[in-house]
file model.cif (mmCIF, C-alpha atoms)
data_structure
loop_
_atom_site.label_atom_id
_atom_site.label_comp_id
_atom_site.auth_asym_id
_atom_site.auth_seq_id
_atom_site.Cartn_x
_atom_site.Cartn_y
_atom_site.Cartn_z
CA MET A 1 -46.62 31.76 -35.40
CA GLY A 2 -44.58 34.18 -33.23
CA PHE A 3 -45.18 32.00 -30.18
CA LYS A 4 -43.91 28.93 -32.00
CA LYS A 5 -40.81 30.82 -33.04
CA ILE A 6 -40.10 31.78 -29.43
CA ILE A 7 -40.53 28.19 -28.27
CA GLY A 8 -38.36 27.05 -31.15
CA GLY A 9 -35.74 29.60 -30.17
CA ILE A 10 -35.75 28.42 -26.57
CA VAL A 11 -35.36 24.81 -27.66
CA VAL A 12 -32.43 25.71 -29.90
CA LEU A 13 -30.76 27.76 -27.16
CA GLY A 14 -31.37 24.94 -24.70
CA ALA A 15 -29.78 22.46 -27.08
CA ILE A 16 -26.79 24.77 -27.57
CA GLY A 17 -26.48 25.17 -23.80
CA ALA A 18 -26.67 21.43 -23.23
CA GLY A 19 -24.16 20.88 -25.99
CA ALA A 20 -21.80 23.44 -24.45
CA PHE A 21 -22.19 21.80 -21.03
CA LEU A 22 -21.39 18.37 -22.45
CA PHE A 23 -18.43 19.78 -24.39
CA ILE A 24 -16.96 21.59 -21.40
CA THR A 25 -17.61 18.73 -18.99
CA ALA A 26 -16.77 15.78 -21.26
CA PRO A 27 -14.53 13.14 -19.66
CA GLN A 28 -10.93 14.23 -20.15
CA ARG A 29 -7.86 12.30 -21.09
CA LEU A 30 -4.35 13.55 -20.50
CA PRO A 31 -2.17 13.99 -23.60
CA ALA A 32 -0.39 10.77 -24.59
CA GLU A 33 3.03 12.38 -24.11
CA THR A 34 2.28 12.68 -20.37
CA TRP A 35 3.15 9.00 -19.98
CA ALA A 36 5.66 8.62 -22.80
CA ALA A 37 8.77 9.18 -20.68
CA ALA A 38 7.54 7.28 -17.63
CA GLY A 39 9.95 4.40 -18.22
CA ALA A 40 10.28 1.25 -16.11
CA PRO A 41 8.41 1.53 -12.82
CA ASP A 42 10.27 1.63 -9.49
CA LEU A 43 8.36 -1.15 -7.71
CA ALA A 44 9.65 -0.29 -4.22
CA ASN A 45 8.35 3.25 -4.59
CA GLY A 46 5.15 1.82 -6.06
CA GLU A 47 4.62 -0.25 -2.91
CA ARG A 48 5.22 2.83 -0.78
CA ILE A 49 2.62 4.81 -2.74
CA PHE A 50 0.28 1.81 -2.53
CA HIS A 51 0.41 2.02 1.28
CA ALA A 52 0.20 5.82 1.30
CA GLY A 53 -2.92 5.59 -0.87
CA GLY A 54 -4.45 2.86 1.25
CA CYS A 55 -5.77 0.96 -1.79
CA VAL A 56 -6.48 -2.16 0.30
CA SER A 57 -8.86 -0.31 2.62
CA CYS A 58 -11.50 -0.19 -0.11
CA HIS A 59 -10.37 -2.63 -2.81
CA ALA A 60 -9.54 -5.74 -0.75
CA ALA A 61 -12.50 -8.11 -0.34
CA PRO A 62 -14.56 -7.16 2.75
CA GLY A 63 -13.25 -8.98 5.82
CA ALA A 64 -10.15 -10.29 4.03
CA ALA A 65 -7.56 -11.57 6.50
CA ASP A 66 -4.24 -9.75 6.60
CA ASP A 67 -2.44 -12.07 4.15
CA GLN A 68 -5.37 -11.87 1.71
CA LYS A 69 -5.48 -8.06 1.61
CA LEU A 70 -3.19 -7.87 -1.40
CA VAL A 71 -5.93 -9.49 -3.50
CA LEU A 72 -7.74 -6.36 -4.68
CA ALA A 73 -10.95 -8.18 -5.59
CA GLY A 74 -13.26 -5.28 -4.75
CA GLY A 75 -16.79 -5.50 -3.40
CA MET A 76 -16.58 -3.30 -0.32
CA ALA A 77 -19.70 -1.15 0.14
CA LEU A 78 -19.19 2.55 0.80
CA LYS A 79 -22.35 4.23 2.09
CA SER A 80 -22.94 7.90 1.36
CA PRO A 81 -25.81 10.40 1.29
CA PHE A 82 -25.99 9.77 -2.50
CA GLY A 83 -26.33 5.99 -2.35
CA THR A 84 -24.05 3.00 -1.86
CA PHE A 85 -20.88 2.64 -3.91
CA HIS A 86 -19.08 -0.68 -4.40
CA ALA A 87 -15.33 -0.65 -4.88
CA PRO A 88 -14.39 -2.46 -8.13
CA ASN A 89 -11.86 -5.21 -8.72
CA ILE A 90 -8.49 -3.56 -9.44
CA SER A 91 -6.44 -6.75 -9.36
CA PRO A 92 -4.32 -7.44 -12.48
CA ASP A 93 -6.91 -9.91 -13.86
CA GLU A 94 -7.30 -9.08 -17.57
CA THR A 95 -11.11 -9.28 -17.61
CA ALA A 96 -12.42 -8.81 -14.06
CA GLY A 97 -9.65 -6.42 -13.01
CA ILE A 98 -7.47 -3.78 -14.67
CA GLY A 99 -4.71 -6.03 -15.99
CA ALA A 100 -5.39 -5.08 -19.61
CA TRP A 101 -5.34 -1.33 -19.00
CA THR A 102 -2.56 0.83 -20.40
CA LEU A 103 -0.65 3.18 -18.11
CA ALA A 104 -2.44 6.09 -19.81
CA GLU A 105 -5.85 4.56 -19.05
CA PHE A 106 -4.86 3.96 -15.43
CA GLY A 107 -3.46 7.49 -15.22
CA ASP A 108 -6.61 9.07 -16.66
CA ALA A 109 -8.67 7.28 -14.01
CA MET A 110 -6.32 8.43 -11.25
CA LYS A 111 -5.84 12.05 -12.31
CA ARG A 112 -9.01 12.85 -14.26
CA GLY A 113 -11.63 10.36 -13.01
CA THR A 114 -12.07 9.06 -16.55
CA GLY A 115 -12.77 5.34 -16.99
CA ARG A 116 -11.32 3.03 -19.60
CA ASN A 117 -14.36 3.43 -21.85
CA GLY A 118 -14.25 7.19 -21.63
CA GLU A 119 -16.92 7.42 -18.96
CA HIS A 120 -16.94 9.65 -15.87
CA LEU A 121 -16.03 7.75 -12.69
CA TYR A 122 -17.76 8.54 -9.43
CA PRO A 123 -15.69 10.61 -6.96
CA SER A 124 -16.15 7.89 -4.32
CA PHE A 125 -12.92 6.86 -6.05
CA PRO A 126 -10.91 9.81 -4.72
CA TYR A 127 -9.46 11.12 -7.97
CA ALA A 128 -10.16 14.66 -6.76
CA SER A 129 -7.19 13.99 -4.43
CA TYR A 130 -5.15 11.70 -6.71
CA SER A 131 -5.15 14.47 -9.35
CA ARG A 132 -2.25 15.94 -7.32
CA MET A 133 -0.08 12.84 -7.74
CA THR A 134 3.02 12.87 -9.90
CA VAL A 135 3.28 10.91 -13.13
CA LYS A 136 6.23 9.02 -11.65
CA ASP A 137 4.26 7.85 -8.60
CA ILE A 138 1.31 6.76 -10.75
CA ASN A 139 3.63 4.81 -13.05
CA ASP A 140 5.37 3.16 -10.07
CA LEU A 141 2.05 2.38 -8.39
CA TYR A 142 0.62 0.81 -11.53
CA GLY A 143 3.77 -1.28 -11.92
CA TYR A 144 3.40 -2.49 -8.34
CA LEU A 145 -0.33 -3.27 -8.70
CA LYS A 146 0.51 -5.54 -11.63
CA THR A 147 2.68 -7.70 -9.33
CA LEU A 148 -0.28 -8.50 -7.02
CA PRO A 149 -2.46 -11.64 -7.27
CA LYS A 150 -5.28 -11.76 -9.81
CA SER A 151 -8.93 -12.20 -8.83
CA GLY A 152 -11.83 -13.11 -11.10
CA ASN A 153 -14.37 -11.56 -8.74
CA VAL A 154 -16.88 -9.20 -10.34
CA ALA A 155 -17.91 -6.57 -7.78
CA PRO A 156 -21.55 -5.41 -7.67
CA GLY A 157 -22.44 -2.15 -9.41
CA HIS A 158 -23.15 1.06 -7.49
CA GLU A 159 -26.62 1.38 -5.97
CA LEU A 160 -27.57 4.98 -6.64
CA PRO A 161 -31.03 6.53 -6.90
CA PHE A 162 -31.98 9.06 -9.61
CA PRO A 163 -30.47 11.60 -10.33
CA PHE A 164 -27.15 10.37 -8.93
CA ASN A 165 -27.12 7.42 -11.34
CA ILE A 166 -26.63 9.81 -14.31
CA ARG A 167 -22.91 9.72 -15.04
CA LEU A 168 -23.06 12.69 -17.42
CA ALA A 169 -23.87 14.94 -14.46
CA LEU A 170 -20.46 14.09 -12.96
CA GLY A 171 -18.91 16.36 -15.57
CA GLY A 172 -20.51 19.27 -13.73
CA TRP A 173 -19.20 17.94 -10.43
CA LYS A 174 -15.69 17.75 -11.82
CA PHE A 175 -16.01 21.24 -13.28
CA LEU A 176 -16.66 22.49 -9.72
CA TYR A 177 -14.38 20.30 -7.64
CA LEU A 178 -11.63 18.57 -9.66
CA ASN A 179 -8.33 20.43 -9.82
CA GLU A 180 -4.65 20.04 -8.98
CA ALA A 181 -4.31 23.16 -6.83
CA PRO A 182 -2.88 22.90 -3.30
CA ARG A 183 -5.56 22.68 -0.58
CA VAL A 184 -3.75 25.11 1.67
CA ASP A 185 -1.15 27.75 0.85
CA LEU A 186 2.12 26.87 2.60
CA ALA A 187 4.47 29.11 0.66
CA ASN A 188 7.40 29.11 3.09
CA ALA A 189 7.13 25.50 4.16
CA ASP A 190 10.27 23.37 4.42
CA GLU A 191 10.78 20.20 2.38
CA THR A 192 9.38 17.94 5.10
CA VAL A 193 6.12 19.89 5.30
CA LYS A 194 5.89 19.97 1.50
CA HIS A 195 6.38 16.21 1.35
CA GLY A 196 3.67 15.83 3.99
CA GLN A 197 1.40 18.09 1.96
CA TYR A 198 1.87 15.88 -1.09
CA LEU A 199 1.12 12.71 0.89
CA VAL A 200 -1.93 14.12 2.70
CA GLU A 201 -3.51 16.08 -0.17
CA GLY A 202 -2.58 13.62 -2.93
CA PRO A 203 -2.19 9.86 -2.49
CA GLY A 204 -3.21 9.78 1.19
CA HIS A 205 -6.52 11.51 0.34
CA CYS A 206 -7.04 12.30 4.06
CA GLY A 207 -9.37 15.20 3.23
CA GLU A 208 -11.91 12.87 1.60
CA CYS A 209 -13.10 11.86 5.09
CA HIS A 210 -11.63 14.54 7.36
CA THR A 211 -13.02 17.55 5.44
CA PRO A 212 -16.78 18.25 5.57
CA ARG A 213 -18.73 18.18 2.28
CA ASP A 214 -21.35 20.51 0.80
CA VAL A 215 -24.77 19.42 -0.52
CA LEU A 216 -23.26 18.40 -3.87
CA GLY A 217 -20.65 16.25 -2.17
CA GLY A 218 -17.75 18.61 -2.87
CA LEU A 219 -15.21 19.31 -0.14
CA LYS A 220 -15.68 22.53 1.83
CA THR A 221 -12.07 23.51 1.34
CA ASP A 222 -12.33 26.48 3.72
CA GLN A 223 -12.88 23.80 6.37
CA TRP A 224 -9.89 21.74 5.25
CA LEU A 225 -9.39 18.71 7.57
CA ALA A 226 -11.80 20.21 10.13
CA GLY A 227 -13.79 16.96 10.48
CA GLY A 228 -17.55 16.62 10.67
CA PRO A 229 -20.40 14.12 10.85
CA ASN A 230 -19.53 10.66 9.55
CA PRO A 231 -21.23 10.36 6.12
CA GLU A 232 -21.18 6.56 6.49
CA GLY A 233 -23.36 6.59 9.60
CA GLU A 234 -23.07 7.31 13.31
CA GLY A 235 -20.39 9.31 15.03
CA ARG A 236 -18.03 12.03 13.91
CA ILE A 237 -14.83 12.25 11.88
CA PRO A 238 -12.32 14.16 14.01
CA ASP A 239 -10.87 17.58 13.29
CA ILE A 240 -7.14 17.01 12.58
CA THR A 241 -6.11 20.65 12.28
CA PRO A 242 -4.07 22.16 15.14
CA ALA A 243 -7.26 23.34 16.88
CA GLU A 244 -6.93 24.50 20.45
CA GLY A 245 -8.44 22.14 23.01
CA GLY A 246 -8.37 19.32 20.47
CA PHE A 247 -5.89 17.85 18.06
CA GLY A 248 -3.70 20.93 18.53
CA SER A 249 -2.46 19.47 21.82
CA TRP A 250 -0.80 16.58 19.96
CA SER A 251 2.87 17.09 19.13
CA ALA A 252 4.24 16.09 15.73
CA GLY A 253 5.79 13.11 17.53
CA ASP A 254 2.38 12.12 18.94
CA ILE A 255 0.86 12.17 15.46
CA ALA A 256 3.67 10.14 13.91
CA ASN A 257 3.48 7.65 16.78
CA TYR A 258 -0.29 7.30 16.36
CA LEU A 259 0.14 6.55 12.66
CA GLU A 260 2.78 3.96 13.51
CA THR A 261 1.24 2.25 16.56
CA GLY A 262 -2.46 3.17 16.57
CA PHE A 263 -2.30 4.70 20.04
CA THR A 264 -3.17 8.26 21.03
CA PRO A 265 -0.99 10.20 23.49
CA ASP A 266 -3.26 9.07 26.37
CA PHE A 267 -3.31 5.47 25.10
CA ASP A 268 -6.75 5.40 23.66
CA SER A 269 -6.60 3.36 20.46
CA VAL A 270 -7.43 3.95 16.83
CA GLY A 271 -11.01 2.93 15.92
CA GLY A 272 -13.55 2.79 13.12
CA SER A 273 -12.42 3.08 9.51
CA MET A 274 -9.16 4.70 10.70
CA VAL A 275 -7.98 1.26 11.89
CA SER A 276 -7.41 0.14 8.33
CA VAL A 277 -5.86 3.50 7.38
CA GLN A 278 -3.45 3.35 10.30
CA LYS A 279 -2.33 -0.18 9.33
CA ASN A 280 -1.44 1.20 5.90
CA MET A 281 0.38 4.19 7.41
CA ALA A 282 2.37 1.83 9.66
CA GLN A 283 3.84 0.28 6.48
CA LEU A 284 5.34 3.59 5.33
CA PRO A 285 8.93 4.64 5.99
CA LYS A 286 9.25 6.69 9.18
CA GLU A 287 10.13 9.83 7.20
CA ASP A 288 6.72 9.73 5.51
CA ARG A 289 4.83 9.58 8.83
CA ASP A 290 7.03 12.38 10.18
CA ALA A 291 6.27 14.47 7.09
CA ILE A 292 2.51 13.94 7.47
CA ALA A 293 2.79 14.98 11.13
CA ALA A 294 4.78 18.10 10.24
CA TYR A 295 2.20 19.11 7.64
CA LEU A 296 -0.71 18.60 10.06
CA LYS A 297 1.05 20.94 12.52
CA ALA A 298 1.60 23.53 9.77
CA ILE A 299 -1.95 23.92 8.40
CA PRO A 300 -4.41 26.53 9.73
CA ALA A 301 -6.47 25.55 12.80
CA ARG A 302 -10.20 25.22 12.13
CA MET B 1 -23.89 31.61 58.49
CA LYS B 2 -24.64 28.19 59.88
CA LEU B 3 -27.49 27.94 57.44
CA ARG B 4 -25.19 28.66 54.56
CA ILE B 5 -22.75 25.96 55.64
CA LEU B 6 -25.64 23.55 55.96
CA ALA B 7 -26.93 24.49 52.53
CA THR B 8 -23.46 24.05 51.01
CA ALA B 9 -23.05 20.71 52.73
CA ALA B 10 -26.45 19.60 51.46
CA ALA B 11 -25.59 20.71 47.94
CA LEU B 12 -22.27 18.87 48.05
CA ALA B 13 -24.01 15.77 49.36
CA ILE B 14 -26.43 15.84 46.46
CA ILE B 15 -23.65 16.31 43.92
CA GLY B 16 -21.74 13.46 45.59
CA ALA B 17 -24.78 11.20 45.57
CA SER B 18 -25.51 11.80 41.90
CA ALA B 19 -21.86 11.17 41.08
CA VAL B 20 -22.12 7.84 42.90
CA VAL B 21 -25.24 6.97 40.93
CA ALA B 22 -23.55 7.86 37.65
CA ALA B 23 -20.47 5.83 38.58
CA ASP B 24 -22.63 2.72 38.94
CA GLU B 25 -24.09 3.00 35.45
CA PRO B 26 -22.66 0.39 33.07
CA GLN B 27 -21.87 3.08 30.50
CA VAL B 28 -19.61 4.77 33.06
CA VAL B 29 -18.17 1.56 34.50
CA ARG B 30 -17.10 0.26 31.10
CA ALA B 31 -15.59 3.61 30.09
CA GLN B 32 -13.56 3.58 33.31
CA MET B 33 -12.43 0.02 32.56
CA MET B 34 -11.14 1.10 29.15
CA LYS B 35 -9.30 4.02 30.78
CA LYS B 36 -7.60 1.54 33.13
CA VAL B 37 -6.47 -0.53 30.16
CA GLY B 38 -5.20 2.66 28.52
CA GLY B 39 -3.22 3.47 31.65
CA ALA B 40 -1.75 -0.03 31.75
CA MET B 41 -0.90 0.19 28.05
CA GLY B 42 0.82 3.52 28.69
CA ALA B 43 2.94 2.04 31.46
CA LEU B 44 4.03 -0.90 29.29
CA SER B 45 4.64 1.32 26.29
CA GLY B 46 6.89 3.60 28.37
CA ILE B 47 9.05 0.58 29.21
CA ALA B 48 9.00 -0.77 25.65
CA LYS B 49 10.23 2.57 24.31
CA GLY B 50 12.88 2.90 27.00
CA GLU B 51 11.31 6.03 28.47
CA LYS B 52 10.90 4.17 31.78
CA PRO B 53 13.21 1.52 33.24
CA TYR B 54 12.10 -2.11 33.13
CA ASP B 55 10.19 -2.95 36.31
CA ALA B 56 8.79 -6.47 36.69
CA ASP B 57 6.16 -5.31 39.20
CA VAL B 58 4.82 -2.64 36.84
CA VAL B 59 4.73 -5.13 33.98
CA LYS B 60 2.89 -7.70 36.06
CA THR B 61 0.40 -5.20 37.55
CA SER B 62 -0.36 -3.69 34.13
CA LEU B 63 -0.94 -7.07 32.52
CA THR B 64 -3.10 -8.18 35.47
CA THR B 65 -5.26 -5.06 35.05
CA MET B 66 -5.73 -5.88 31.37
CA SER B 67 -6.56 -9.50 32.14
CA GLU B 68 -9.18 -8.56 34.73
CA VAL B 69 -10.81 -6.00 32.47
CA ALA B 70 -10.85 -8.39 29.50
CA LYS B 71 -12.89 -10.86 31.55
CA ALA B 72 -15.31 -8.40 33.18
CA PHE B 73 -15.74 -6.00 30.25
CA PRO B 74 -18.23 -7.92 28.07
CA GLU B 75 -20.63 -8.11 31.04
CA GLN B 76 -20.98 -4.32 31.14
CA PHE B 77 -23.42 -4.06 28.22
CA PRO B 78 -26.85 -4.98 29.65
CA ALA B 79 -30.00 -4.15 27.70
CA GLY B 80 -30.93 -0.53 28.31
CA SER B 81 -27.31 0.68 28.34
CA GLU B 82 -27.13 1.21 24.58
CA THR B 83 -27.13 4.99 24.94
CA GLY B 84 -26.55 7.65 27.57
CA HIS B 85 -23.60 8.96 29.59
CA ASP B 86 -21.75 9.79 26.33
CA THR B 87 -21.25 6.11 25.62
CA GLU B 88 -19.21 5.36 22.51
CA ALA B 89 -20.51 1.80 22.30
CA SER B 90 -21.64 0.85 18.79
CA PRO B 91 -25.12 -0.69 18.38
CA LYS B 92 -23.26 -3.58 16.74
CA ILE B 93 -22.28 -4.81 20.23
CA TRP B 94 -25.91 -5.86 20.76
CA GLU B 95 -26.35 -7.09 17.18
CA GLN B 96 -23.23 -9.29 17.05
CA THR B 97 -22.77 -10.10 20.72
CA ASP B 98 -21.02 -13.41 20.08
CA ASP B 99 -18.34 -11.82 17.93
CA PHE B 100 -17.93 -8.97 20.39
CA LYS B 101 -17.41 -11.45 23.25
CA ALA B 102 -15.03 -13.51 21.15
CA LYS B 103 -12.88 -10.41 20.55
CA ALA B 104 -12.79 -9.67 24.29
CA ALA B 105 -11.89 -13.30 24.98
CA LYS B 106 -9.02 -13.17 22.49
CA PHE B 107 -7.72 -10.01 24.13
CA GLY B 108 -7.88 -11.84 27.49
CA SER B 109 -6.12 -14.95 26.25
CA ASP B 110 -3.38 -12.91 24.54
CA VAL B 111 -2.76 -11.06 27.81
CA ASP B 112 -2.83 -14.25 29.89
CA ALA B 113 -0.31 -15.90 27.59
CA VAL B 114 2.08 -13.00 28.23
CA LEU B 115 1.37 -13.10 31.98
CA ALA B 116 2.20 -16.81 32.08
CA ASN B 117 5.56 -16.08 30.52
CA LEU B 118 6.33 -12.64 31.94
CA PRO B 119 8.58 -10.49 29.71
CA ALA B 120 11.96 -10.18 31.39
CA ASP B 121 13.29 -7.03 29.69
CA GLN B 122 12.50 -4.00 27.53
CA ALA B 123 12.54 -5.98 24.27
CA GLY B 124 10.25 -8.61 25.77
CA VAL B 125 7.71 -5.95 26.74
CA GLY B 126 7.88 -4.52 23.21
CA ALA B 127 7.21 -7.95 21.69
CA ALA B 128 4.31 -8.49 24.10
CA LEU B 129 2.72 -5.20 23.04
CA GLY B 130 3.05 -6.32 19.44
CA THR B 131 0.74 -9.22 20.33
CA ILE B 132 -1.63 -7.43 22.69
CA GLY B 133 -1.89 -4.00 21.04
CA PRO B 134 -3.73 -4.95 17.82
CA ASN B 135 -6.63 -6.24 19.94
CA CYS B 136 -7.47 -2.63 20.86
CA GLY B 137 -7.90 -1.36 17.31
CA GLY B 138 -9.34 -4.70 16.17
CA CYS B 139 -12.30 -4.29 18.50
CA HIS B 140 -12.63 -0.49 18.25
CA GLU B 141 -12.74 -0.79 14.45
CA VAL B 142 -16.22 -2.31 14.68
CA TYR B 143 -17.58 -1.74 18.17
CA ARG B 144 -16.66 1.81 19.15
CA VAL B 145 -18.19 4.92 17.61
CA LYS B 146 -16.33 8.17 18.24
CA LYS B 147 -18.77 10.96 19.08
#
call {"tool": "encode", "arguments": {"input": "model.cif", "output": "structure tokens"}}
result
Amino acid sequence: MGFKKIIGGIVVLGAIGAGAFLFITAPQRLPAETWAAAGAPDLANGERIFHAGGCVSCHAAPGAADDQKLVLAGGMALKSPFGTFHAPNISPDETAGIGAWTLAEFGDAMKRGTGRNGEHLYPSFPYASYSRMTVKDINDLYGYLKTLPKSGNVAPGHELPFPFNIRLALGGWKFLYLNEAPRVDLANADETVKHGQYLVEGPGHCGECHTPRDVLGGLKTDQWLAGGPNPEGEGRIPDITPAEGGFGSWSAGDIANYLETGFTPDFDSVGGSMVSVQKNMAQLPKEDRDAIAAYLKAIPAR
Amino acid sequence: MKLRILATAAALAIIGASAVVAADEPQVVRAQMMKKVGGAMGALSGIAKGEKPYDADVVKTSLTTMSEVAKAFPEQFPAGSETGHDTEASPKIWEQTDDFKAKAAKFGSDVDAVLANLPADQAGVGAALGTIGPNCGGCHEVYRVKK
């Protein structure tokens, strides 16, 4: 009888614990008033944020020619140690894409990784960076996305083995890794560096590839932008901190020029998945590339 | 004393010989070819940006270097040269050889088109680089793996 009571007690405690976990880590939505004052989107700024975020790099159909890249049909496969993710259709199509979403629903996906049906989204969609974006930029971006062509393509689902296919577990991941705090402390930075910090840590989501990850797939923020093995396969992602004997020898002008032209100071060229990123960066106003360069010179060397 | 000089000479000869051997390896040859293209690109870029004065000879020599490399480069990937000597060649070169060769051929034809109608000033060089330059990243996107 006593034994049964103990077991019963453990089961009850376990249920309470599980309940508490689910309560704490439930998918979050931002308060409705967050978006209330957003107003009419500034489409030119939306386009700028679109390029800063590099949406086409994952959401355009694989192999789409340059003039087809604005059709965000989805389907690109993103390999990772946890399985293969497939980028969804985010074109303004009302059924296959996100055309029927409200700004709040789009914003919850961007800033909280919460899907339209209240489900956790996988952090292969880099909301752990986008969480730092302003409400204005998200409103402008969503306005711009709605001007792009529709696609009826339905992208394949993610191919993830157990236990990574359990979406509920992502609540724990978010509890550990999703926040809006700055990645590095740059208290006395000037406006240019601060603007670069916003672009790199927020929409640009540079750290998602250039910062090494721990076993749970969270960024090792003490190694911010220090590079590491390529999670998609062979080769390495470069360290882009001002490290001596490496990227530290590039001037801010070299970095801005690379982002504009795709050429390094010694005229090697951009390669790998950075090719697509650099094409997006080349579309930005010069002041944005200069700001990114200034920030990369200001962060601690690793 | 004489012995030491002899020993040093012998050691230098061995180092020299191994360097010669390494320089013949396709992995090394093709890396050198890419460096030459980088150098040529640098020379043209200097003119396009106005850092260097326009010089028709430099423009022609640089483009000729690119043209020669574009034609010889795809032949530098024989079986057995997939790894070694810090090569950054992607295995995809041997899996999709036709596409790889087509990309090299396009680079060559873009360069030859510019050579046939040599840019006559700074702006012309800039426009030419706008045509030629994307070939570099276009190929490195798929076929080069940074180590």
call {"tool": "resolve_selection", "arguments": {"input": "model.cif", "expression": "the PyMOL selection byres ((chain A) within 9 of (chain B))", "output": "JSON list (two decimals) with C-alpha atoms, keeping the file's coordinate frame"}}
result
[["chain", "number", "residue", "atom", "x", "y", "z"],
["A", 229, "PRO", "CA", -20.40, 14.12, 10.85],
["A", 234, "GLU", "CA", -23.07, 7.31, 13.31],
["A", 235, "GLY", "CA", -20.39, 9.31, 15.03],
["A", 236, "ARG", "CA", -18.03, 12.03, 13.91],
["A", 237, "ILE", "CA", -14.83, 12.25, 11.88],
["A", 238, "PRO", "CA", -12.32, 14.16, 14.01],
["A", 261, "THR", "CA", 1.24, 2.25, 16.56],
["A", 262, "GLY", "CA", -2.46, 3.17, 16.57],
["A", 263, "PHE", "CA", -2.30, 4.70, 20.04],
["A", 265, "PRO", "CA", -0.99, 10.20, 23.49],
["A", 266, "ASP", "CA", -3.26, 9.07, 26.37],
["A", 267, "PHE", "CA", -3.31, 5.47, 25.10],
["A", 268, "ASP", "CA", -6.75, 5.40, 23.66],
["A", 269, "SER", "CA", -6.60, 3.36, 20.46],
["A", 270, "VAL", "CA", -7.43, 3.95, 16.83],
["A", 271, "GLY", "CA", -11.01, 2.93, 15.92],
["A", 272, "GLY", "CA", -13.55, 2.79, 13.12],
["A", 273, "SER", "CA", -12.42, 3.08, 9.51],
["A", 274, "MET", "CA", -9.16, 4.70, 10.70],
["A", 275, "VAL", "CA", -7.98, 1.26, 11.89],
["A", 276, "SER", "CA", -7.41, 0.14, 8.33]]
call {"tool": "resolve_selection", "arguments": {"input": "model.cif", "expression": "the PyMOL selection byres ((chain A and resi 35) around 8)", "output": "MDAnalysis selection string"}}
result
chainID A and resid 32:34 36:38 103:104 135
call {"tool": "resolve_selection", "arguments": {"input": "model.cif", "expression": "the PyMOL selection byres ((chain A and resi 113) around 12)", "output": "PyMOL selection string"}}
result
chain A and resi 25-30+105-112+114-131+167+170-171+173-175+177-179
call {"tool": "closest_residue", "arguments": {"input": "model.cif", "among": "B:Gly80, B:Gly108, B:Pro53, B:Gly46", "to": "Ser67 in chain B", "atoms": "only C-alpha atoms"}}
result
B:Gly108
call {"tool": "closest_residue", "arguments": {"input": "model.cif", "among": "A:Ser80, A:Asn280, A:Asn230, A:Thr147", "to": "Val56 in chain A", "atoms": "all atoms listed in the file"}}
result
A:Asn280
call {"tool": "residues_around", "arguments": {"input": "model.cif", "residues": "Ala116 in chain B", "least_positions_apart": "6", "cutoff": "12 Å", "atoms": "all atoms listed in the file", "output": "mmCIF file with C-alpha atoms, in the frame of the given file"}}
result
data_model
loop_
_atom_site.group_PDB
_atom_site.id
_atom_site.type_symbol
_atom_site.label_atom_id
_atom_site.label_comp_id
_atom_site.auth_asym_id
_atom_site.auth_seq_id
_atom_site.Cartn_x
_atom_site.Cartn_y
_atom_site.Cartn_z
ATOM 1 C CA LYS B 60 2.890 -7.700 36.060
ATOM 2 C CA LEU B 63 -0.940 -7.070 32.520
ATOM 3 C CA THR B 64 -3.100 -8.180 35.470
ATOM 4 C CA SER B 67 -6.560 -9.500 32.140
ATOM 5 C CA SER B 109 -6.120 -14.950 26.250
ATOM 6 C CA ASP B 110 -3.380 -12.910 24.540
ATOM 7 C CA ALA B 128 4.310 -8.490 24.100
#
call {"tool": "atom_distance", "arguments": {"input": "model.cif", "atom1": "CA of Leu145 in chain A", "atom2": "CA of Gln197 in chain A"}}
result
23.9 Å
call {"tool": "atom_distance", "arguments": {"input": "model.cif", "atom1": "CA of Gly157 in chain A", "atom2": "CA of Ala87 in chain A"}}
result
8.6 Å
call {"tool": "atom_distance", "arguments": {"input": "model.cif", "atom1": "CA of Asp239 in chain A", "atom2": "CA of Gly227 in chain A"}}
result
4.1 Å
call {"tool": "residues_around", "arguments": {"input": "model.cif", "residues": "Lys71 in chain B", "least_positions_apart": "5", "cutoff": "10 Å", "atoms": "all atoms listed in the file", "output": "PyMOL selection string"}}
result
chain B and resi 66+101+104-105+107-109
call {"tool": "write_last_selection", "arguments": {"input": "model.cif", "atoms": "C-alpha atoms", "output": "PDB file, keeping the file's coordinate frame"}}
result
ATOM      1  CA  MET B  66      -5.730  -5.880  31.370  1.00  0.00           C
ATOM      2  CA  LYS B 101     -17.410 -11.450  23.250  1.00  0.00           C
ATOM      3  CA  ALA B 104     -12.790  -9.670  24.290  1.00  0.00           C
ATOM      4  CA  ALA B 105     -11.890 -13.300  24.980  1.00  0.00           C
ATOM      5  CA  PHE B 107      -7.720 -10.010  24.130  1.00  0.00           C
ATOM      6  CA  GLY B 108      -7.880 -11.840  27.490  1.00  0.00           C
ATOM      7  CA  SER B 109      -6.120 -14.950  26.250  1.00  0.00           C
TER       8      SER B 109
END
call {"tool": "residues_near_point", "arguments": {"input": "model.cif", "point": "(-15.1, -4.9, -10.3)", "cutoff": "8 Å", "atoms": "all atoms listed in the file", "output": "list in words"}}
result
Ala73, Gly74, Gly75, Ala87, Pro88, Asn89, Ile90, Ala96, Gly97, Asn153, Val154, Ala155, Pro156 and Gly157 of chain A
call {"tool": "residues_around", "arguments": {"input": "model.cif", "residues": "Glu82 in chain B", "least_positions_apart": "2", "cutoff": "10 Å", "atoms": "only C-alpha atoms", "output": "VMD selection string"}}
result
chain B and resid 26 to 27 77 to 80 84 to 85 87 to 94
